[in-house]
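Asks: Contents are mmCIF, C-alpha atoms, pLDDT in the B column; chains and numbers go by the auth columns; file name target.cif:
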data_upload
loop_
_atom_site.group_PDB
_atom_site.id
_atom_site.type_symbol
_atom_site.label_atom_id
_atom_site.label_comp_id
_atom_site.label_asym_id
_atom_site.label_seq_id
_atom_site.Cartn_x
_atom_site.Cartn_y
_atom_site.Cartn_z
_atom_site.B_iso_or_equiv
_atom_site.auth_seq_id
_atom_site.auth_asym_id
ATOM 1 C CA ASN A 1 -7.432 -13.537 -2.386 73.00 1 A
ATOM 2 C CA ALA A 2 -10.366 -15.902 -2.001 82.00 2 A
ATOM 3 C CA LEU A 3 -9.625 -16.326 1.689 81.00 3 A
ATOM 4 C CA VAL A 4 -9.434 -12.561 2.231 84.00 4 A
ATOM 5 C CA SER A 5 -12.725 -12.172 0.379 85.00 5 A
ATOM 6 C CA MET A 6 -14.293 -14.671 2.776 88.00 6 A
ATOM 7 C CA MET A 7 -12.845 -12.799 5.752 86.00 7 A
ATOM 8 C CA GLU A 8 -14.099 -9.456 4.404 87.00 8 A
ATOM 9 C CA GLU A 9 -17.542 -10.916 3.827 87.00 9 A
ATOM 10 C CA ALA A 10 -17.639 -12.383 7.330 86.00 10 A
ATOM 11 C CA PHE A 11 -16.765 -8.980 8.779 86.00 11 A
ATOM 12 C CA LEU A 12 -19.606 -7.353 6.833 85.00 12 A
ATOM 13 C CA LYS A 13 -21.962 -10.003 8.228 88.00 13 A
ATOM 14 C CA GLY A 14 -20.928 -9.054 11.752 87.00 14 A
ATOM 15 C CA VAL A 15 -18.354 -11.734 12.521 87.00 15 A
ATOM 16 C CA LYS A 16 -15.712 -9.284 13.725 83.00 16 A
ATOM 17 C CA GLU A 17 -13.325 -12.037 14.873 84.00 17 A
ATOM 18 C CA ALA A 18 -13.018 -13.279 11.272 85.00 18 A
ATOM 19 C CA ALA A 19 -12.018 -9.880 9.887 88.00 19 A
ATOM 20 C CA ALA A 20 -8.777 -9.589 7.974 90.00 20 A
ATOM 21 C CA ASP A 21 -6.360 -7.375 9.881 93.00 21 A
ATOM 22 C CA ARG A 22 -3.352 -5.363 8.723 94.00 22 A
ATOM 23 C CA LEU A 23 -1.052 -8.359 9.211 94.00 23 A
ATOM 24 C CA THR A 24 -3.236 -10.478 6.927 93.00 24 A
ATOM 25 C CA TYR A 25 -3.081 -7.811 4.249 95.00 25 A
ATOM 26 C CA ALA A 26 0.672 -7.302 4.761 96.00 26 A
ATOM 27 C CA ALA A 27 1.309 -11.019 4.250 95.00 27 A
ATOM 28 C CA LEU A 28 -0.701 -11.035 1.038 95.00 28 A
ATOM 29 C CA LEU A 29 0.889 -7.826 -0.192 97.00 29 A
ATOM 30 C CA ASN A 30 4.298 -9.340 0.502 96.00 30 A
ATOM 31 C CA SER A 31 3.459 -12.276 -1.753 95.00 31 A
ATOM 32 C CA TYR A 32 3.041 -9.781 -4.604 96.00 32 A
ATOM 33 C CA ALA A 33 6.346 -8.123 -3.691 95.00 33 A
ATOM 34 C CA GLN A 34 8.071 -11.517 -3.987 95.00 34 A
ATOM 35 C CA SER A 35 6.433 -12.222 -7.345 94.00 35 A
ATOM 36 C CA ASP A 36 8.026 -11.702 -10.728 92.00 36 A
ATOM 37 C CA ASN A 37 4.607 -11.466 -12.343 93.00 37 A
ATOM 38 C CA SER A 38 4.253 -8.397 -14.551 92.00 38 A
ATOM 39 C CA THR A 39 0.893 -7.577 -12.934 94.00 39 A
ATOM 40 C CA ALA A 40 2.134 -7.848 -9.332 95.00 40 A
ATOM 41 C CA ALA A 41 2.307 -4.079 -8.745 95.00 41 A
ATOM 42 C CA ARG A 42 -1.201 -3.489 -10.051 96.00 42 A
ATOM 43 C CA SER A 43 -2.553 -6.433 -8.038 95.00 43 A
ATOM 44 C CA ALA A 44 -0.830 -5.191 -4.876 96.00 44 A
ATOM 45 C CA LEU A 45 -2.294 -1.723 -5.328 97.00 45 A
ATOM 46 C CA GLN A 46 -5.776 -3.169 -5.887 96.00 46 A
ATOM 47 C CA LEU A 47 -5.492 -5.258 -2.719 96.00 47 A
ATOM 48 C CA PHE A 48 -4.225 -2.236 -0.795 97.00 48 A
ATOM 49 C CA ARG A 49 -7.246 -0.213 -1.955 97.00 49 A
ATOM 50 C CA ARG A 50 -9.499 -3.070 -0.818 94.00 50 A
ATOM 51 C CA GLN A 51 -7.784 -2.906 2.562 96.00 51 A
ATOM 52 C CA GLN A 52 -8.512 0.812 2.789 97.00 52 A
ATOM 53 C CA GLU A 53 -12.120 0.161 1.776 95.00 53 A
ATOM 54 C CA GLN A 54 -12.470 -2.327 4.626 93.00 54 A
ATOM 55 C CA VAL A 55 -11.344 0.400 7.034 95.00 55 A
ATOM 56 C CA ARG A 56 -13.986 2.756 5.591 94.00 56 A
ATOM 57 C CA LYS A 57 -16.540 0.001 6.214 92.00 57 A
ATOM 58 C CA GLY A 58 -15.548 -0.091 9.877 92.00 58 A
ATOM 59 C CA ASN A 59 -12.789 -2.696 10.096 93.00 59 A
ATOM 60 C CA ARG A 60 -10.290 -0.683 12.127 93.00 60 A
ATOM 61 C CA ARG A 61 -8.048 -3.749 12.498 93.00 61 A
ATOM 62 C CA ALA A 62 -7.265 -3.464 8.775 95.00 62 A
ATOM 63 C CA GLU A 63 -5.894 0.086 9.070 96.00 63 A
ATOM 64 C CA PRO A 64 -2.746 0.091 6.911 96.00 64 A
ATOM 65 C CA HIS A 65 0.521 0.820 8.649 96.00 65 A
ATOM 66 C CA ASN A 66 3.745 1.952 7.058 97.00 66 A
ATOM 67 C CA VAL A 67 4.783 -1.646 6.366 97.00 67 A
ATOM 68 C CA CYS A 68 1.763 -2.121 4.078 98.00 68 A
ATOM 69 C CA TYR A 69 2.514 1.125 2.246 98.00 69 A
ATOM 70 C CA ASN A 70 6.188 0.161 1.926 98.00 70 A
ATOM 71 C CA ILE A 71 5.388 -3.259 0.507 97.00 71 A
ATOM 72 C CA VAL A 72 3.121 -1.775 -2.161 97.00 72 A
ATOM 73 C CA MET A 73 5.747 0.835 -2.998 97.00 73 A
ATOM 74 C CA ALA A 74 8.352 -1.938 -3.313 96.00 74 A
ATOM 75 C CA CYS A 75 6.067 -3.716 -5.798 95.00 75 A
ATOM 76 C CA MET A 76 5.785 -0.524 -7.778 95.00 76 A
ATOM 77 C CA ALA A 77 9.550 -0.003 -7.714 95.00 77 A
ATOM 78 C CA LYS A 78 9.970 -3.431 -9.342 93.00 78 A
ATOM 79 C CA SER A 79 7.427 -2.667 -12.062 92.00 79 A
ATOM 80 C CA LYS A 80 8.674 -2.123 -15.577 91.00 80 A
ATOM 81 C CA LYS A 81 5.719 0.199 -16.212 90.00 81 A
ATOM 82 C CA SER A 82 6.527 3.853 -15.620 88.00 82 A
ATOM 83 C CA GLU A 83 2.918 4.675 -14.686 89.00 83 A
ATOM 84 C CA MET A 84 3.048 2.118 -11.873 90.00 84 A
ATOM 85 C CA ARG A 85 6.329 3.550 -10.591 91.00 85 A
ATOM 86 C CA ALA A 86 4.778 7.044 -10.681 91.00 86 A
ATOM 87 C CA GLN A 87 1.918 5.729 -8.556 93.00 87 A
ATOM 88 C CA GLY A 88 4.538 4.599 -6.044 93.00 88 A
ATOM 89 C CA ILE A 89 5.525 8.225 -5.511 94.00 89 A
ATOM 90 C CA ASP A 90 1.834 9.129 -5.268 95.00 90 A
ATOM 91 C CA LEU A 91 1.498 6.477 -2.581 96.00 91 A
ATOM 92 C CA LEU A 92 4.333 8.037 -0.581 96.00 92 A
ATOM 93 C CA ASN A 93 2.545 11.394 -0.810 96.00 93 A
ATOM 94 C CA GLU A 94 -0.687 9.726 0.344 97.00 94 A
ATOM 95 C CA MET A 95 1.197 8.138 3.224 97.00 95 A
ATOM 96 C CA GLU A 96 2.572 11.521 4.299 97.00 96 A
ATOM 97 C CA ASP A 97 -0.922 13.042 4.071 97.00 97 A
ATOM 98 C CA GLU A 98 -2.405 10.265 6.223 97.00 98 A
ATOM 99 C CA TYR A 99 0.303 10.783 8.816 97.00 99 A
ATOM 100 C CA ARG A 100 -0.340 14.543 8.858 97.00 100 A
ATOM 101 C CA LYS A 101 -4.045 13.790 9.421 97.00 101 A
ATOM 102 C CA GLY A 102 -3.111 11.935 12.600 96.00 102 A
ATOM 103 C CA LYS A 103 -2.722 8.340 11.441 95.00 103 A
ATOM 104 C CA LYS A 104 0.521 7.654 13.266 96.00 104 A
ATOM 105 C CA GLN A 105 0.824 4.115 11.878 95.00 105 A
ATOM 106 C CA ALA A 106 1.194 5.600 8.363 97.00 106 A
ATOM 107 C CA LYS A 107 4.354 7.533 9.274 98.00 107 A
ATOM 108 C CA PRO A 108 6.905 7.166 6.471 98.00 108 A
ATOM 109 C CA ASP A 109 10.227 5.719 7.553 98.00 109 A
ATOM 110 C CA THR A 110 13.641 5.230 5.976 98.00 110 A
ATOM 111 C CA VAL A 111 12.312 2.277 3.966 97.00 111 A
ATOM 112 C CA SER A 112 9.579 4.512 2.537 97.00 112 A
ATOM 113 C CA TYR A 113 12.022 7.180 1.422 97.00 113 A
ATOM 114 C CA SER A 114 14.632 4.698 0.186 96.00 114 A
ATOM 115 C CA THR A 115 11.983 2.994 -1.923 96.00 115 A
ATOM 116 C CA ALA A 116 10.891 6.359 -3.326 95.00 116 A
ATOM 117 C CA ILE A 117 14.506 7.134 -4.244 94.00 117 A
ATOM 118 C CA ASN A 118 14.728 3.720 -5.918 93.00 118 A
ATOM 119 C CA ILE A 119 11.575 4.508 -7.915 93.00 119 A
ATOM 120 C CA LEU A 120 12.886 7.933 -8.941 91.00 120 A
ATOM 121 C CA SER A 121 16.236 6.454 -9.965 89.00 121 A
ATOM 122 C CA LYS A 122 14.390 4.453 -12.624 84.00 122 A
ATOM 123 C CA SER A 123 12.516 7.469 -13.918 71.00 123 A
ATOM 124 C CA SER A 124 13.167 9.012 -17.276 65.00 124 A
ATOM 125 C CA SER A 125 11.812 12.311 -15.967 57.00 125 A
ATOM 126 C CA LYS A 126 14.273 15.194 -16.141 53.00 126 A
ATOM 127 C CA ASP A 127 13.288 16.395 -12.668 55.00 127 A
ATOM 128 C CA ALA A 128 13.561 12.998 -10.945 48.00 128 A
ATOM 129 C CA GLY A 129 16.779 14.023 -9.180 46.00 129 A
ATOM 130 C CA THR A 130 15.142 17.181 -7.844 48.00 130 A
ATOM 131 C CA LYS A 131 12.153 15.194 -6.608 47.00 131 A
ATOM 132 C CA ALA A 132 14.462 12.775 -4.846 44.00 132 A
ATOM 133 C CA VAL A 133 16.076 15.645 -2.935 44.00 133 A
ATOM 134 C CA GLU A 134 12.691 17.156 -1.992 53.00 134 A
#
Could you render the structure as structure tokens?
Replies:
Amino acid sequence: NALVSMMEEAFLKGVKEAAADRLTYAALLNSYAQSDNSTAARSALQLFRRQQEQVRKGNRRAEPHNVCYNIVMACMAKSKKSEMRAQGIDLLNEMEDEYRKGKKQAKPDTVSYSTAINILSKSSSKDAGTKAVE
């Protein structure tokens, strides 16, 4: 993440060409998805929130697309922590909200919904099956 931090800092200093874009973030997020580290899901979510913060600061090239959302959700699906898996469903809801607001690149796809079903299949919640159908 040191390299991304340098890229983010360069962007804030006005060096737009050095800004991290959505592909940079997707590659880093994917490294968390490939990890067996117990903190991978939390780290992926933190990086994803940093990505969104960069967009709020004006870096439009960092705008997350559905691939970024899907990668973070996949990290959460692998997590052994139920609260992280629950946040994966929250992320799908956020993705749907962003799409409804006009962010076409955030449109959920079959990977998004399959990952959500995977998350719900690991839930101990009694209404997980109902949520999966919704």
Asks: Just how far from CA of Lys103 in chain A is CA of Thr24 in chain A, in Å to one decimal?
Replies: 19.4 Å
Asks: Please measure the separation of CA of Arg100 in chain A and CA of Asn30 in chain A, giving the value in Å to one decimal.
Replies: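 Between CA of Arg100 in chain A and CA of Asn30 in chain A the gap works out to 25.7 Å.
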Asks: Can you translate the PyMOL selection byres ((chain A and resi 122) around 10) into the concrete residues it hits in this file, as number ranges by chain?
Replies: A: 77-80, 82, 85, 117-121, 123-125, 128
Asks: Just say which residues the PyMOL selection byres ((chain A and resi 33-42) around 9) picks in this file, as a ChimeraX atom specification.
Replies: /A:28-32,43-47,71-81,84-85
Asks: So, counting only C-alpha atoms, which residue among A:Lys107, A:Arg56, A:Arg61, A:Arg50 is closest to Glu17 in chain A?
Replies: A:Arg61
Asks: Could you tell me how far CA of Leu12 in chain A lies from CA of Glu63 in chain A, in Å and to one decimal?
Replies: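 Going from CA of Leu12 in chain A over to CA of Glu63 in chain A, I get 15.8 Å.
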Asks: Can you work out which one of A:Asn93, A:Lys16, A:Pro64, A:Gly88 has the shortest atom-to-atom distance to Ala106 in chain A, counting only C-alpha atoms?
Replies: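 Among A:Asn93, A:Lys16, A:Pro64, A:Gly88, it is A:Pro64 that comes nearest to Ala106 in chain A.
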Asks: Restricting the calculation to all atoms listed in the file: of A:Ile89, A:Ser112, A:Glu98, A:Ala18, which residue gets closest to Gln52 in chain A?
Replies: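 Closest residue, counting all atoms listed in the file: A:Glu98.
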Asks: If we count only C-alpha atoms and set the cut-off at 9 Å, which residues sit around Glu8 in chain A, ignoring sequence neighbours fewer than 2 positions away in its own chain? Please answer as a PyMOL selection string.
Replies: chain A and resi 3-6+10-13+18-20+54+59
Asks: Compare A:Leu92, A:Leu23, A:Lys57, A:Gly14 by their minimum atom-to-atom distance to Thr110 in chain A, counting all atoms listed in the file, and give me the closest one.
Replies: A:Leu92
Asks: Just need the box for range 87-98 of chain A, edges along x, y and z, holding every atom the file lists for it with 8 Å tacked onto each side, so centre and edge lengths in Å to one decimal, as lines of an AutoDock Vina configuration file.
Replies:
center_x = 1.6
center_y = 8.8
center_z = -1.2
size_x = 23.9
size_y = 24.4
size_z = 30.8
Asks: Quick one: range 67-93 of chain A with N, CA, C and O atoms, as a short mmCIF file (atom, residue, chain, number, x, y, z; two decimals), keeping the file's coordinate frame?
Replies:
data_model
loop_
_atom_site.label_atom_id
_atom_site.label_comp_id
_atom_site.auth_asym_id
_atom_site.auth_seq_id
_atom_site.Cartn_x
_atom_site.Cartn_y
_atom_site.Cartn_z
N VAL A 67 4.28 -0.43 7.01
CA VAL A 67 4.78 -1.65 6.37
C VAL A 67 3.95 -1.98 5.13
O VAL A 67 4.49 -2.33 4.08
N CYS A 68 2.63 -1.86 5.24
CA CYS A 68 1.76 -2.12 4.08
C CYS A 68 2.07 -1.15 2.94
O CYS A 68 2.21 -1.56 1.78
N TYR A 69 2.17 0.13 3.27
CA TYR A 69 2.51 1.12 2.25
C TYR A 69 3.86 0.78 1.61
O TYR A 69 4.01 0.81 0.38
N ASN A 70 4.85 0.45 2.43
CA ASN A 70 6.19 0.16 1.93
C ASN A 70 6.20 -1.05 1.00
O ASN A 70 6.91 -1.06 0.00
N ILE A 71 5.43 -2.06 1.35
CA ILE A 71 5.39 -3.26 0.51
C ILE A 71 4.80 -2.92 -0.86
O ILE A 71 5.34 -3.33 -1.89
N VAL A 72 3.73 -2.15 -0.88
CA VAL A 72 3.12 -1.78 -2.16
C VAL A 72 4.09 -0.92 -2.97
O VAL A 72 4.26 -1.11 -4.18
N MET A 73 4.76 0.01 -2.30
CA MET A 73 5.75 0.84 -3.00
C MET A 73 6.88 -0.02 -3.56
O MET A 73 7.36 0.23 -4.68
N ALA A 74 7.29 -1.05 -2.83
CA ALA A 74 8.35 -1.94 -3.31
C ALA A 74 7.89 -2.68 -4.56
O ALA A 74 8.68 -2.87 -5.50
N CYS A 75 6.63 -3.08 -4.59
CA CYS A 75 6.07 -3.72 -5.80
C CYS A 75 6.14 -2.76 -6.97
O CYS A 75 6.50 -3.14 -8.09
N MET A 76 5.79 -1.53 -6.72
CA MET A 76 5.78 -0.52 -7.78
C MET A 76 7.20 -0.22 -8.25
O MET A 76 7.41 0.02 -9.44
N ALA A 77 8.16 -0.25 -7.34
CA ALA A 77 9.55 0.00 -7.71
C ALA A 77 10.05 -1.09 -8.65
O ALA A 77 10.88 -0.83 -9.53
N LYS A 78 9.55 -2.31 -8.49
CA LYS A 78 9.97 -3.43 -9.34
C LYS A 78 9.29 -3.41 -10.71
O LYS A 78 9.75 -4.08 -11.64
N SER A 79 8.20 -2.67 -10.82
CA SER A 79 7.43 -2.67 -12.06
C SER A 79 8.23 -2.07 -13.22
O SER A 79 8.99 -1.13 -13.05
N LYS A 80 8.03 -2.65 -14.37
CA LYS A 80 8.67 -2.12 -15.58
C LYS A 80 7.83 -1.01 -16.21
O LYS A 80 8.26 -0.36 -17.13
N LYS A 81 6.63 -0.81 -15.67
CA LYS A 81 5.72 0.20 -16.21
C LYS A 81 5.91 1.52 -15.48
O LYS A 81 5.74 1.61 -14.27
N SER A 82 6.24 2.55 -16.23
CA SER A 82 6.53 3.85 -15.62
C SER A 82 5.32 4.42 -14.88
O SER A 82 5.49 5.08 -13.86
N GLU A 83 4.10 4.14 -15.38
CA GLU A 83 2.92 4.68 -14.69
C GLU A 83 2.73 4.03 -13.32
O GLU A 83 2.26 4.67 -12.38
N MET A 84 3.13 2.77 -13.18
CA MET A 84 3.05 2.12 -11.87
C MET A 84 4.10 2.70 -10.93
O MET A 84 3.82 2.93 -9.76
N ARG A 85 5.29 2.94 -11.44
CA ARG A 85 6.33 3.55 -10.59
C ARG A 85 5.90 4.94 -10.14
O ARG A 85 6.10 5.32 -8.99
N ALA A 86 5.26 5.71 -11.04
CA ALA A 86 4.78 7.04 -10.68
C ALA A 86 3.74 6.94 -9.57
O ALA A 86 3.71 7.78 -8.66
N GLN A 87 2.92 5.92 -9.61
CA GLN A 87 1.92 5.73 -8.56
C GLN A 87 2.58 5.40 -7.22
O GLN A 87 2.02 5.65 -6.16
N GLY A 88 3.80 4.85 -7.28
CA GLY A 88 4.54 4.60 -6.04
C GLY A 88 4.88 5.89 -5.33
O GLY A 88 4.78 5.98 -4.11
N ILE A 89 5.25 6.91 -6.09
CA ILE A 89 5.52 8.22 -5.51
C ILE A 89 4.22 8.84 -4.99
O ILE A 89 4.20 9.43 -3.91
N ASP A 90 3.15 8.66 -5.73
CA ASP A 90 1.83 9.13 -5.27
C ASP A 90 1.47 8.47 -3.94
O ASP A 90 0.90 9.12 -3.05
N LEU A 91 1.81 7.20 -3.81
CA LEU A 91 1.50 6.48 -2.58
C LEU A 91 2.30 7.03 -1.40
O LEU A 91 1.78 7.15 -0.29
N LEU A 92 3.55 7.40 -1.64
CA LEU A 92 4.33 8.04 -0.58
C LEU A 92 3.68 9.35 -0.16
O LEU A 92 3.55 9.63 1.03
N ASN A 93 3.23 10.13 -1.13
CA ASN A 93 2.54 11.39 -0.81
C ASN A 93 1.27 11.13 -0.02
O ASN A 93 0.96 11.85 0.95
#
